[in-house]
>>> print(open('structure15.txt').read())   # compact mmCIF, C-alpha atoms
# COMPACT_ATOMS: atom_id res chain seq x y z
CA MET A 1 1.31 10.33 30.25
CA PHE A 2 4.63 11.38 28.72
CA LYS A 3 5.03 8.02 26.93
CA ARG A 4 1.48 8.23 25.60
CA SER A 5 2.18 11.73 24.27
CA ASN A 6 5.31 10.43 22.53
CA ARG A 7 3.31 7.58 20.99
CA ILE A 8 0.74 10.00 19.60
CA ARG A 9 3.42 12.31 18.21
CA GLY A 10 5.23 9.35 16.71
CA PHE A 11 2.03 8.10 15.09
CA ILE A 12 1.23 11.52 13.59
CA LYS A 13 4.80 11.94 12.37
CA ASN A 14 5.11 8.55 10.72
CA MET A 15 1.58 8.06 9.44
CA ASP A 16 1.02 8.93 5.77
CA PHE A 17 -2.35 10.61 6.05
CA TRP A 18 -2.35 11.67 2.39
CA LEU A 19 -2.17 8.09 1.14
CA LEU A 20 -4.87 7.04 3.58
CA ILE A 21 -7.13 9.93 2.54
CA PHE A 22 -6.67 9.24 -1.17
CA THR A 23 -7.36 5.54 -0.61
CA LEU A 24 -10.55 6.08 1.37
CA ALA A 25 -11.74 8.72 -1.11
CA ALA A 26 -11.25 6.35 -4.04
CA ALA A 27 -12.96 3.44 -2.25
CA ILE A 28 -15.97 5.53 -1.20
CA PHE A 29 -16.20 7.07 -4.66
CA GLY A 30 -16.17 3.53 -6.05
CA ILE A 31 -19.01 2.41 -3.78
CA ILE A 32 -21.11 5.38 -4.91
CA MET A 33 -20.55 4.48 -8.55
CA ILE A 34 -21.30 0.80 -7.90
CA SER A 35 -24.61 1.77 -6.33
CA SER A 36 -25.46 3.63 -9.52
CA ALA A 37 -24.16 0.98 -11.93
CA GLY A 38 -25.64 -1.98 -10.06
CA GLY A 39 -29.25 -1.33 -11.03
CA GLU A 40 -31.68 -3.60 -9.18
CA ASN A 41 -28.78 -5.35 -7.43
CA GLY A 42 -27.11 -2.09 -6.46
CA SER A 43 -28.00 -2.37 -2.78
CA ARG A 44 -26.54 -5.85 -2.48
CA TYR A 45 -23.36 -4.79 -4.27
CA VAL A 46 -23.00 -1.80 -1.97
CA ILE A 47 -23.36 -3.97 1.12
CA VAL A 48 -20.71 -6.43 -0.08
CA GLN A 49 -18.32 -3.66 -1.17
CA SER A 50 -18.84 -1.72 2.06
CA ALA A 51 -18.17 -4.84 4.13
CA ALA A 52 -14.95 -5.42 2.16
CA LEU A 53 -13.98 -1.79 2.80
CA VAL A 54 -14.52 -2.14 6.55
CA VAL A 55 -12.48 -5.35 6.66
CA GLY A 56 -9.87 -3.68 4.46
CA ILE A 57 -9.57 -0.74 6.87
CA ALA A 58 -9.07 -3.20 9.72
CA GLY A 59 -6.43 -4.94 7.61
CA ILE A 60 -4.69 -1.62 6.96
CA CYS A 61 -4.59 -0.90 10.70
CA LEU A 62 -3.13 -4.34 11.39
CA LEU A 63 -0.51 -4.20 8.64
CA MET A 64 0.44 -0.59 9.35
CA PHE A 65 1.56 -1.45 12.87
CA LEU A 66 2.93 -4.85 11.88
CA ASP A 67 6.53 -4.56 10.74
CA TYR A 68 6.73 -5.39 7.03
CA GLU A 69 10.02 -7.13 7.74
CA TYR A 70 8.07 -9.66 9.80
CA LEU A 71 5.89 -10.32 6.73
CA SER A 72 9.05 -10.99 4.74
CA ARG A 73 10.26 -13.44 7.37
CA ILE A 74 7.08 -15.51 7.07
CA SER A 75 6.92 -15.10 3.27
CA VAL A 76 7.77 -18.79 2.77
CA TYR A 77 4.62 -19.81 4.63
CA LEU A 78 2.56 -17.15 2.89
CA SER A 79 3.81 -18.34 -0.50
CA ALA A 80 3.01 -21.96 0.34
CA ALA A 81 -0.52 -20.98 1.38
CA GLY A 82 -0.98 -18.96 -1.80
CA LEU A 83 0.15 -21.84 -4.00
CA VAL A 84 -2.19 -24.24 -2.22
CA LEU A 85 -5.11 -21.90 -2.92
CA LEU A 86 -4.11 -21.55 -6.59
CA ILE A 87 -3.93 -25.34 -6.92
CA LEU A 88 -7.22 -26.00 -5.12
CA VAL A 89 -9.14 -23.56 -7.29
CA LEU A 90 -8.16 -25.57 -10.38
CA ILE A 91 -9.83 -28.73 -9.03
CA PRO A 92 -13.35 -29.32 -10.43
CA GLY A 93 -15.91 -29.28 -7.67
CA ILE A 94 -13.79 -26.95 -5.56
CA GLY A 95 -13.08 -24.04 -7.90
CA LYS A 96 -16.03 -22.23 -9.45
CA VAL A 97 -16.09 -21.50 -13.19
CA GLN A 98 -17.10 -17.95 -14.04
CA ASN A 99 -16.71 -16.21 -17.40
CA GLY A 100 -14.83 -19.21 -18.77
CA ALA A 101 -12.21 -19.35 -16.00
CA ARG A 102 -12.00 -21.55 -12.92
CA SER A 103 -10.82 -18.71 -10.68
CA TRP A 104 -13.19 -18.59 -7.73
CA PHE A 105 -14.07 -20.24 -4.45
CA GLU A 106 -17.74 -20.04 -3.58
CA PHE A 107 -18.82 -19.91 0.05
CA GLY A 108 -22.56 -19.40 -0.08
CA PRO A 109 -23.14 -15.78 -1.13
CA ILE A 110 -19.41 -14.99 -0.85
CA ASN A 111 -16.98 -15.52 -3.74
CA LEU A 112 -13.23 -15.43 -3.20
CA GLN A 113 -10.65 -15.10 -5.96
CA PRO A 114 -7.34 -16.58 -4.72
CA ALA A 115 -5.36 -14.91 -7.53
CA GLU A 116 -6.08 -11.56 -5.88
CA ILE A 117 -4.58 -12.76 -2.61
CA ALA A 118 -1.68 -14.32 -4.52
CA LYS A 119 -0.73 -10.92 -5.96
CA ILE A 120 -0.11 -9.47 -2.50
CA ILE A 121 1.73 -12.57 -1.32
CA PHE A 122 3.90 -12.47 -4.43
CA ILE A 123 4.87 -8.84 -3.82
CA ILE A 124 5.92 -9.63 -0.25
CA ALA A 125 7.79 -12.83 -1.13
CA PHE A 126 9.47 -11.51 -4.25
CA ALA A 127 10.62 -8.39 -2.40
CA LYS A 128 12.25 -10.72 0.13
CA GLN A 129 13.99 -12.66 -2.66
CA LEU A 130 15.29 -9.46 -4.26
CA SER A 131 16.47 -8.12 -0.93
CA ASP A 132 18.34 -11.34 -0.22
CA CYS A 133 20.06 -11.15 -3.62
CA GLY A 134 21.27 -7.61 -2.98
CA ASN A 135 24.03 -6.55 -5.37
CA ARG A 136 24.29 -10.10 -6.74
CA ILE A 137 21.00 -9.86 -8.61
CA ASN A 138 22.65 -9.92 -12.06
CA GLU A 139 24.41 -13.23 -11.47
CA PRO A 140 22.82 -15.74 -13.90
CA LYS A 141 21.92 -18.23 -11.17
CA ASN A 142 20.11 -15.53 -9.20
CA ILE A 143 18.20 -14.29 -12.25
CA LEU A 144 17.18 -17.85 -13.06
CA GLY A 145 16.09 -18.49 -9.49
CA LEU A 146 14.01 -15.29 -9.39
CA LEU A 147 12.30 -16.10 -12.67
CA LEU A 148 11.49 -19.65 -11.57
CA PHE A 149 10.13 -18.31 -8.29
CA ALA A 150 7.76 -16.00 -10.20
CA LEU A 151 6.89 -18.55 -12.87
CA ILE A 152 5.14 -21.03 -10.56
CA PRO A 153 2.19 -18.83 -9.48
CA MET A 154 1.96 -17.30 -12.96
CA VAL A 155 1.59 -20.72 -14.60
CA LEU A 156 -1.10 -21.75 -12.09
CA ILE A 157 -3.03 -18.57 -12.87
CA LEU A 158 -2.67 -19.05 -16.62
CA LEU A 159 -4.08 -22.56 -16.23
CA GLN A 160 -7.37 -21.18 -14.91
CA PRO A 161 -7.09 -19.52 -17.54
CA ASP A 162 -6.77 -15.92 -16.37
CA PHE A 163 -4.47 -14.07 -18.74
CA GLY A 164 -5.48 -10.70 -17.29
CA THR A 165 -4.19 -11.47 -13.81
CA GLY A 166 -1.23 -13.28 -15.35
CA SER A 167 -0.26 -10.06 -17.13
CA VAL A 168 -0.52 -8.16 -13.83
CA PHE A 169 1.96 -10.61 -12.31
CA ALA A 170 4.31 -10.09 -15.27
CA VAL A 171 4.24 -6.31 -14.86
CA ILE A 172 4.84 -6.54 -11.09
CA LEU A 173 7.77 -8.88 -11.79
CA ALA A 174 9.29 -6.54 -14.38
CA ALA A 175 8.88 -3.41 -12.24
CA MET A 176 10.41 -4.98 -9.14
CA LEU A 177 13.34 -6.40 -11.11
CA PHE A 178 13.94 -2.98 -12.65
CA ALA A 179 13.86 -1.33 -9.21
CA ALA A 180 16.38 -3.90 -7.98
CA GLY A 181 18.85 -2.87 -10.70
CA ILE A 182 18.59 -5.68 -13.20
CA SER A 183 21.08 -5.35 -16.05
CA TRP A 184 19.91 -3.97 -19.40
CA LYS A 185 21.14 -7.12 -21.13
CA TYR A 186 18.48 -9.10 -19.30
CA ILE A 187 15.85 -6.47 -20.11
CA VAL A 188 16.69 -6.65 -23.82
CA ALA A 189 16.72 -10.45 -23.67
CA GLY A 190 13.33 -10.45 -21.95
CA ILE A 191 11.77 -8.13 -24.53
CA THR A 192 13.21 -10.27 -27.33
CA ALA A 193 11.87 -13.47 -25.75
CA LEU A 194 8.44 -11.86 -25.29
CA ALA A 195 8.34 -10.80 -28.93
CA ALA A 196 9.33 -14.31 -30.02
CA MET A 197 6.60 -15.85 -27.84
CA CYS A 198 3.80 -13.71 -29.29
CA PRO A 199 3.30 -15.88 -32.43
CA ILE A 200 3.42 -19.03 -30.30
CA MET A 201 0.84 -17.61 -27.90
CA TRP A 202 -1.39 -16.55 -30.79
CA PHE A 203 -1.43 -19.89 -32.63
CA PHE A 204 -1.10 -22.42 -29.83
CA VAL A 205 -2.21 -20.85 -26.51
CA LEU A 206 -4.90 -18.22 -26.97
CA GLN A 207 -8.43 -19.47 -27.48
CA ASP A 208 -10.68 -18.11 -30.20
CA TYR A 209 -12.63 -15.77 -27.92
CA GLN A 210 -9.36 -14.29 -26.64
CA LYS A 211 -8.12 -13.71 -30.18
CA ASN A 212 -11.41 -12.04 -31.05
CA ARG A 213 -11.01 -9.65 -28.13
CA ILE A 214 -7.65 -8.53 -29.51
CA ILE A 215 -8.96 -8.22 -33.07
CA THR A 216 -11.94 -6.13 -31.97
CA VAL A 217 -9.62 -3.52 -30.44
CA PHE A 218 -8.65 -2.54 -33.97
CA ASN A 219 -12.05 -3.11 -35.55
CA PRO A 220 -14.92 -3.56 -33.07
CA GLU A 221 -17.45 -3.03 -35.87
CA SER A 222 -16.36 -6.34 -37.39
CA ASP A 223 -18.49 -8.19 -34.83
CA PRO A 224 -20.83 -5.60 -33.26
CA SER A 225 -23.16 -8.16 -31.68
CA GLY A 226 -20.41 -10.52 -30.52
CA ALA A 227 -16.82 -9.83 -29.50
CA GLY A 228 -17.09 -6.13 -30.30
CA TYR A 229 -20.32 -5.55 -28.36
CA HIS A 230 -18.69 -4.72 -25.01
CA VAL A 231 -16.23 -2.30 -26.61
CA LEU A 232 -18.84 -0.49 -28.71
CA GLN A 233 -21.27 -0.08 -25.81
CA SER A 234 -18.46 1.09 -23.55
CA GLN A 235 -17.26 3.66 -26.08
CA GLN A 236 -20.81 4.90 -26.53
CA ALA A 237 -21.23 5.29 -22.76
CA VAL A 238 -17.91 7.12 -22.45
CA GLY A 239 -18.68 9.48 -25.32
CA SER A 240 -22.22 10.26 -24.19
CA GLY A 241 -21.05 11.75 -20.88
CA ARG A 242 -19.48 14.86 -22.41
CA ILE A 243 -18.39 17.38 -19.76
CA PHE A 244 -20.82 17.00 -16.86
CA GLY A 245 -22.46 13.63 -17.63
CA SER A 246 -26.07 12.59 -17.38
CA GLY A 247 -26.04 12.49 -13.56
CA LEU A 248 -25.85 9.69 -11.01
CA TYR A 249 -28.39 6.90 -11.54
CA LYS A 250 -29.38 8.49 -14.86
CA GLY A 251 -27.03 6.77 -17.29
CA SER A 252 -28.79 5.32 -20.30
CA SER A 253 -26.58 2.21 -20.27
CA GLN A 254 -27.89 1.44 -16.78
CA ILE A 255 -31.50 2.33 -17.50
CA ASN A 256 -31.58 0.37 -20.76
CA ASN A 257 -29.27 -2.41 -19.47
CA ILE A 258 -27.08 -2.33 -22.58
CA LEU A 259 -23.58 -2.22 -21.06
CA PRO A 260 -22.48 -5.65 -19.74
CA GLU A 261 -20.45 -5.88 -16.53
CA ARG A 262 -20.95 -2.16 -15.93
CA HIS A 263 -20.43 -2.49 -12.16
CA THR A 264 -17.17 -4.45 -12.53
CA ASP A 265 -15.05 -4.33 -15.68
CA PHE A 266 -16.70 -1.24 -17.14
CA ILE A 267 -17.24 0.89 -14.05
CA TYR A 268 -15.06 3.62 -15.59
CA SER A 269 -17.45 3.82 -18.54
CA VAL A 270 -20.28 4.45 -16.08
CA VAL A 271 -18.24 7.19 -14.42
CA CYS A 272 -17.68 8.87 -17.79
CA GLU A 273 -21.35 8.52 -18.76
CA GLU A 274 -22.85 9.80 -15.52
CA LEU A 275 -20.22 12.28 -14.32
CA GLY A 276 -18.66 13.28 -17.64
CA ILE A 277 -15.09 14.42 -18.14
CA ILE A 278 -15.02 15.87 -14.63
CA GLY A 279 -15.67 12.49 -13.02
CA ALA A 280 -13.35 10.69 -15.44
CA VAL A 281 -10.47 13.04 -14.64
CA LEU A 282 -11.16 12.82 -10.91
CA VAL A 283 -10.76 9.03 -11.04
CA ILE A 284 -7.44 9.37 -12.86
CA VAL A 285 -6.20 12.06 -10.46
CA LEU A 286 -7.06 9.92 -7.43
CA MET A 287 -5.34 6.84 -8.86
CA CYS A 288 -2.26 8.82 -9.91
CA ALA A 289 -2.05 10.38 -6.44
CA ILE A 290 -2.17 6.94 -4.79
CA ILE A 291 0.42 5.47 -7.17
CA ILE A 292 2.79 8.43 -6.87
CA ARG A 293 2.48 8.36 -3.10
CA CYS A 294 3.38 4.64 -3.07
CA ILE A 295 6.47 5.34 -5.16
CA TYR A 296 7.47 8.28 -2.94
CA ILE A 297 7.19 6.16 0.20
CA GLY A 298 9.24 3.44 -1.48
CA MET A 299 11.97 5.90 -2.40
CA ASN A 300 12.21 6.96 1.26
CA ALA A 301 11.98 3.47 2.76
CA ARG A 302 14.54 2.51 5.37
CA ASN A 303 15.80 -0.44 3.32
CA SER A 304 15.56 -2.10 -0.08
CA LEU A 305 12.93 -4.57 1.14
CA GLY A 306 10.45 -1.78 1.81
CA ARG A 307 11.31 -0.10 -1.48
CA TYR A 308 10.64 -3.24 -3.49
CA MET A 309 7.29 -3.81 -1.77
CA CYS A 310 6.16 -0.26 -2.55
CA VAL A 311 7.28 -0.57 -6.16
CA GLY A 312 5.37 -3.83 -6.51
CA VAL A 313 2.17 -2.27 -5.15
CA ALA A 314 2.58 0.82 -7.35
CA ALA A 315 3.17 -1.33 -10.44
CA MET A 316 0.08 -3.42 -9.69
CA LEU A 317 -2.15 -0.37 -9.27
CA ALA A 318 -0.68 1.46 -12.26
CA PHE A 319 -1.04 -1.42 -14.70
CA GLN A 320 -4.55 -2.32 -13.62
CA THR A 321 -5.63 1.33 -13.90
CA PHE A 322 -3.96 1.77 -17.28
CA GLU A 323 -5.37 -1.46 -18.71
CA ASN A 324 -8.90 -1.03 -17.35
CA ILE A 325 -9.29 2.54 -18.56
CA GLY A 326 -7.75 1.62 -21.91
CA MET A 327 -10.18 -1.29 -22.16
CA CYS A 328 -13.15 0.98 -21.46
CA ILE A 329 -12.19 3.53 -24.12
CA GLY A 330 -11.36 0.82 -26.67
CA ILE A 331 -7.58 0.98 -27.02
CA PHE A 332 -6.84 -2.27 -25.15
CA PRO A 333 -8.51 -5.69 -25.34
CA VAL A 334 -11.15 -6.69 -22.82
CA THR A 335 -9.27 -8.73 -20.21
CA GLY A 336 -11.45 -8.60 -17.11
CA ILE A 337 -8.87 -6.60 -15.15
CA THR A 338 -10.65 -4.50 -12.56
CA LEU A 339 -10.15 -0.81 -11.82
CA PRO A 340 -8.63 -0.69 -8.31
CA PHE A 341 -10.97 0.69 -5.61
CA PHE A 342 -13.76 1.33 -8.13
CA SER A 343 -14.77 -1.99 -9.70
CA TYR A 344 -17.14 -4.18 -7.73
CA GLY A 345 -15.50 -7.15 -6.08
CA GLY A 346 -14.91 -7.86 -2.42
CA SER A 347 -11.71 -9.84 -3.09
CA SER A 348 -10.32 -7.09 -5.31
CA LEU A 349 -11.05 -4.25 -2.89
CA LEU A 350 -9.87 -6.15 0.17
CA THR A 351 -6.54 -7.18 -1.34
CA THR A 352 -5.98 -3.69 -2.74
CA MET A 353 -6.57 -2.22 0.72
CA LEU A 354 -4.12 -4.75 2.17
CA ALA A 355 -1.57 -3.67 -0.42
CA ILE A 356 -1.99 -0.08 0.75
CA GLY A 357 -1.58 -1.34 4.30
CA ILE A 358 1.83 -2.77 3.39
CA VAL A 359 2.91 0.57 1.92
CA LEU A 360 1.70 2.40 5.04
CA SER A 361 3.70 -0.07 7.13
CA VAL A 362 6.81 0.80 5.13
CA LYS A 363 6.15 4.48 5.78
CA TYR A 364 5.33 3.97 9.45
CA LYS A 365 8.54 1.99 10.00
CA SER A 366 10.70 4.33 7.91
CA ARG A 367 11.73 6.13 11.10
CA VAL A 368 12.51 4.62 14.45
CA ILE A 369 10.09 5.79 17.09
CA ASN A 370 11.65 6.43 20.45
CA PHE A 371 9.44 5.88 23.49
>>> encode(input="structure15.txt", output="structure tokens")
Amino acid sequence: MFKRSNRIRGFIKNMDFWLLIFTLAAAIFGIIMISSAGGENGSRYVIVQSAALVVGIAGICLLMFLDYEYLSRISVYLSAAGLVLLILVLIPGIGKVQNGARSWFEFGPINLQPAEIAKIIFIIAFAKQLSDCGNRINEPKNILGLLLFALIPMVLILLQPDFGTGSVFAVILAAMLFAAGISWKYIVAGITALAAMCPIMWFFVLQDYQKNRIITVFNPESDPSGAGYHVLQSQQAVGSGRIFGSGLYKGSSQINNILPERHTDFIYSVVCEELGIIGAVLVIVLMCAIIIRCIYIGMNARNSLGRYMCVGVAAMLAFQTFENIGMCIGIFPVTGITLPFFSYGGSSLLTTMLAIGIVLSVKYKSRVINF
């Protein structure tokens, strides 16, 4: 009885209930909005998203009690599995093409996006690499090795092509390197190299539809029925919500079916339209609370490995939130990056929940529990 009492006290002491509450609140809020944005298919979307949430909660429970250091020890096998999935999805007949990218596996009614799983694996594996480097991170051979390690999955994702997810990988990479204490000379060199690559990307890598998405950020009226259509309809939905919105299930973009991908890429536009500024701010507050909590847990982790994992998760959530909201209000190009917890997608929600599970594991293991 005494040991059981100690276990309960240890669980309550080490469990981050705030992060768990914020996570569940965001996921449930997202399911409610998906049910409104989904129209005739809303029920099916809710079932899929709810199933992903249940599996995600189970994953959180598993990861929370599983030492994150164990995950780092098997990171080589996890990385190998992730690379195999990223290679298989590129093979015609195995990977499914959707929205111009071969990014999905299709198993009957279930679609799986391996790049989502690869993000979590990358955070775990790259944190292990950074931890192994320790204070020697700024040695040229170590920097080169870290960049090559990150480049392999990024190239496979860009080959799909999925530049949105590729950019998420780049931000996670930069944030984790910064947290590990990378020298400013490398940061300046990286920014310079990125600036030099922009013209090359524009003329030789980006396809016409991708260029049009960037151009329409500055002038969506230039092609209102083509590349600018998504942006204009999204801006109209956002602006029409005003303070209190039109009410759940009463958004004109849903009734008139004029906003494409409203349950996925543009779910934030639906929030603004139906719940107004109040709903829009609530989404931002929830996401900021989750991100800040991840950073706080990372700062108080028992070792650098846990800190790097938390920073990687926080960077992933922050960039996806920033980009998706910016895309919906028309200040960033349409990239297909989802809004964590809110956009429809079983793969996206499940992997995001698993990422939170890793952070909770770092928190749970931040103190040694005596039995």
>>> residues_around(input="structure15.txt", residues="Val46 of chain A", least_positions_apart="3", cutoff="7 Å", atoms="all atoms listed in the file", output="list in words")
Ile31, Ile34, Ser35, Gly42, Ser43, Gln49 and Ser50 of chain A
>>> atom_distance(input="structure15.txt", atom1="atom CA of Lys250 of chain A", atom2="atom CA of Thr264 of chain A")
17.9 Å
>>> atom_distance(input="structure15.txt", atom1="atom CA of Gly276 of chain A", atom2="atom CA of Met33 of chain A")
12.8 Å
>>> residues_near_point(input="structure15.txt", point="(-1.9, -23.0, -0.6)", cutoff="12 Å", atoms="all atoms listed in the file", output="list in words")
Val76, Tyr77, Leu78, Ser79, Ala80, Ala81, Gly82, Leu83, Val84, Leu85, Leu86, Ile87, Leu88, Val89, Leu90, Pro114, Ala115, Ile117, Ala118, Ile121, Pro153 and Leu156 of chain A
>>> residues_around(input="structure15.txt", residues="Lys119 of chain A", least_positions_apart="5", cutoff="10 Å", atoms="only C-alpha atoms", output="PyMOL selection string")
chain A and resi 82+114+124-125+153-154+165-166+168-169+172+312-313+316+351-352+355
>>> atom_distance(input="structure15.txt", atom1="atom CA of Leu354 of chain A", atom2="atom CA of Met64 of chain A")
9.5 Å
>>> closest_atom_pairs(input="structure15.txt", of="segment 316-361 of chain A", to="segment 291-296 of chain A", cutoff="12 Å", atoms="only C-alpha atoms", output="Markdown table")
| residue | atom | partner | partner_atom | distance |
| --- | --- | --- | --- | --- |
| A:Met316 | CA | A:Ile291 | CA | 9.2 |
| A:Leu317 | CA | A:Ile291 | CA | 6.7 |
| A:Ala318 | CA | A:Ile291 | CA | 6.6 |
| A:Phe319 | CA | A:Ile291 | CA | 10.3 |
| A:Gln320 | CA | A:Ile291 | CA | 11.3 |
| A:Thr321 | CA | A:Ile291 | CA | 10.0 |
| A:Phe322 | CA | A:Ile291 | CA | 11.6 |
| A:Pro340 | CA | A:Ile291 | CA | 11.0 |
| A:Ala355 | CA | A:Cys294 | CA | 10.0 |
| A:Ile356 | CA | A:Cys294 | CA | 8.1 |
| A:Gly357 | CA | A:Cys294 | CA | 10.7 |
| A:Ile358 | CA | A:Cys294 | CA | 10.0 |
| A:Val359 | CA | A:Cys294 | CA | 6.5 |
| A:Leu360 | CA | A:Cys294 | CA | 8.6 |
| A:Ser361 | CA | A:Cys294 | CA | 11.2 |
>>> residues_around(input="structure15.txt", residues="Asn135 of chain A", least_positions_apart="6", cutoff="10 Å", atoms="only C-alpha atoms", output="ChimeraX atom specification")
/A:180-182
>>> build_atoms(input="structure15.txt", residues="segment 231-252 of chain A", atoms="N, CA and C atoms", output="mmCIF file, keeping the file's coordinate frame")
data_model
loop_
_atom_site.group_PDB
_atom_site.id
_atom_site.type_symbol
_atom_site.label_atom_id
_atom_site.label_comp_id
_atom_site.auth_asym_id
_atom_site.auth_seq_id
_atom_site.Cartn_x
_atom_site.Cartn_y
_atom_site.Cartn_z
ATOM 1 N N VAL A 231 -17.044 -3.475 -26.281
ATOM 2 C CA VAL A 231 -16.230 -2.300 -26.610
ATOM 3 C C VAL A 231 -17.098 -1.183 -27.161
ATOM 4 N N LEU A 232 -17.988 -1.507 -28.089
ATOM 5 C CA LEU A 232 -18.840 -0.490 -28.710
ATOM 6 C C LEU A 232 -19.765 0.162 -27.684
ATOM 7 N N GLN A 233 -20.378 -0.634 -26.817
ATOM 8 C CA GLN A 233 -21.270 -0.080 -25.810
ATOM 9 C C GLN A 233 -20.504 0.770 -24.789
ATOM 10 N N SER A 234 -19.294 0.329 -24.479
ATOM 11 C CA SER A 234 -18.460 1.090 -23.550
ATOM 12 C C SER A 234 -18.065 2.431 -24.157
ATOM 13 N N GLN A 235 -17.643 2.415 -25.407
ATOM 14 C CA GLN A 235 -17.260 3.660 -26.080
ATOM 15 C C GLN A 235 -18.443 4.615 -26.182
ATOM 16 N N GLN A 236 -19.619 4.061 -26.436
ATOM 17 C CA GLN A 236 -20.810 4.900 -26.530
ATOM 18 C C GLN A 236 -21.125 5.540 -25.172
ATOM 19 N N ALA A 237 -20.985 4.765 -24.102
ATOM 20 C CA ALA A 237 -21.230 5.290 -22.760
ATOM 21 C C ALA A 237 -20.218 6.383 -22.413
ATOM 22 N N VAL A 238 -18.953 6.148 -22.738
ATOM 23 C CA VAL A 238 -17.910 7.120 -22.450
ATOM 24 C C VAL A 238 -18.168 8.424 -23.212
ATOM 25 N N GLY A 239 -18.480 8.294 -24.498
ATOM 26 C CA GLY A 239 -18.680 9.480 -25.320
ATOM 27 C C GLY A 239 -19.929 10.265 -24.978
ATOM 28 N N SER A 240 -20.955 9.586 -24.463
ATOM 29 C CA SER A 240 -22.220 10.260 -24.190
ATOM 30 C C SER A 240 -22.158 11.155 -22.954
ATOM 31 N N GLY A 241 -21.129 10.963 -22.117
ATOM 32 C CA GLY A 241 -21.050 11.750 -20.880
ATOM 33 C C GLY A 241 -20.703 13.198 -21.092
ATOM 34 N N ARG A 242 -19.934 13.487 -22.132
ATOM 35 C CA ARG A 242 -19.480 14.860 -22.410
ATOM 36 C C ARG A 242 -18.795 15.459 -21.187
ATOM 37 N N ILE A 243 -19.119 16.705 -20.832
ATOM 38 C CA ILE A 243 -18.390 17.380 -19.760
ATOM 39 C C ILE A 243 -18.946 17.044 -18.378
ATOM 40 N N PHE A 244 -20.229 17.164 -18.195
ATOM 41 C CA PHE A 244 -20.820 17.000 -16.860
ATOM 42 C C PHE A 244 -21.569 15.684 -16.681
ATOM 43 N N GLY A 245 -21.794 14.913 -17.742
ATOM 44 C CA GLY A 245 -22.460 13.630 -17.630
ATOM 45 C C GLY A 245 -23.965 13.755 -17.492
ATOM 46 N N SER A 246 -24.615 12.617 -17.463
ATOM 47 C CA SER A 246 -26.070 12.590 -17.380
ATOM 48 C C SER A 246 -26.571 12.639 -15.940
ATOM 49 N N GLY A 247 -25.672 12.479 -14.970
ATOM 50 C CA GLY A 247 -26.040 12.490 -13.560
ATOM 51 C C GLY A 247 -26.078 11.082 -12.981
ATOM 52 N N LEU A 248 -25.812 10.985 -11.686
ATOM 53 C CA LEU A 248 -25.850 9.690 -11.010
ATOM 54 C C LEU A 248 -27.209 9.024 -11.155
ATOM 55 N N TYR A 249 -27.187 7.728 -11.403
ATOM 56 C CA TYR A 249 -28.390 6.900 -11.540
ATOM 57 C C TYR A 249 -29.209 7.251 -12.796
ATOM 58 N N LYS A 250 -28.640 8.067 -13.676
ATOM 59 C CA LYS A 250 -29.380 8.490 -14.860
ATOM 60 C C LYS A 250 -28.720 8.070 -16.166
ATOM 61 N N GLY A 251 -27.711 7.221 -16.084
ATOM 62 C CA GLY A 251 -27.030 6.770 -17.290
ATOM 63 C C GLY A 251 -27.907 5.871 -18.133
ATOM 64 N N SER A 252 -27.927 6.119 -19.427
ATOM 65 C CA SER A 252 -28.790 5.320 -20.300
ATOM 66 C C SER A 252 -28.352 3.866 -20.362
#
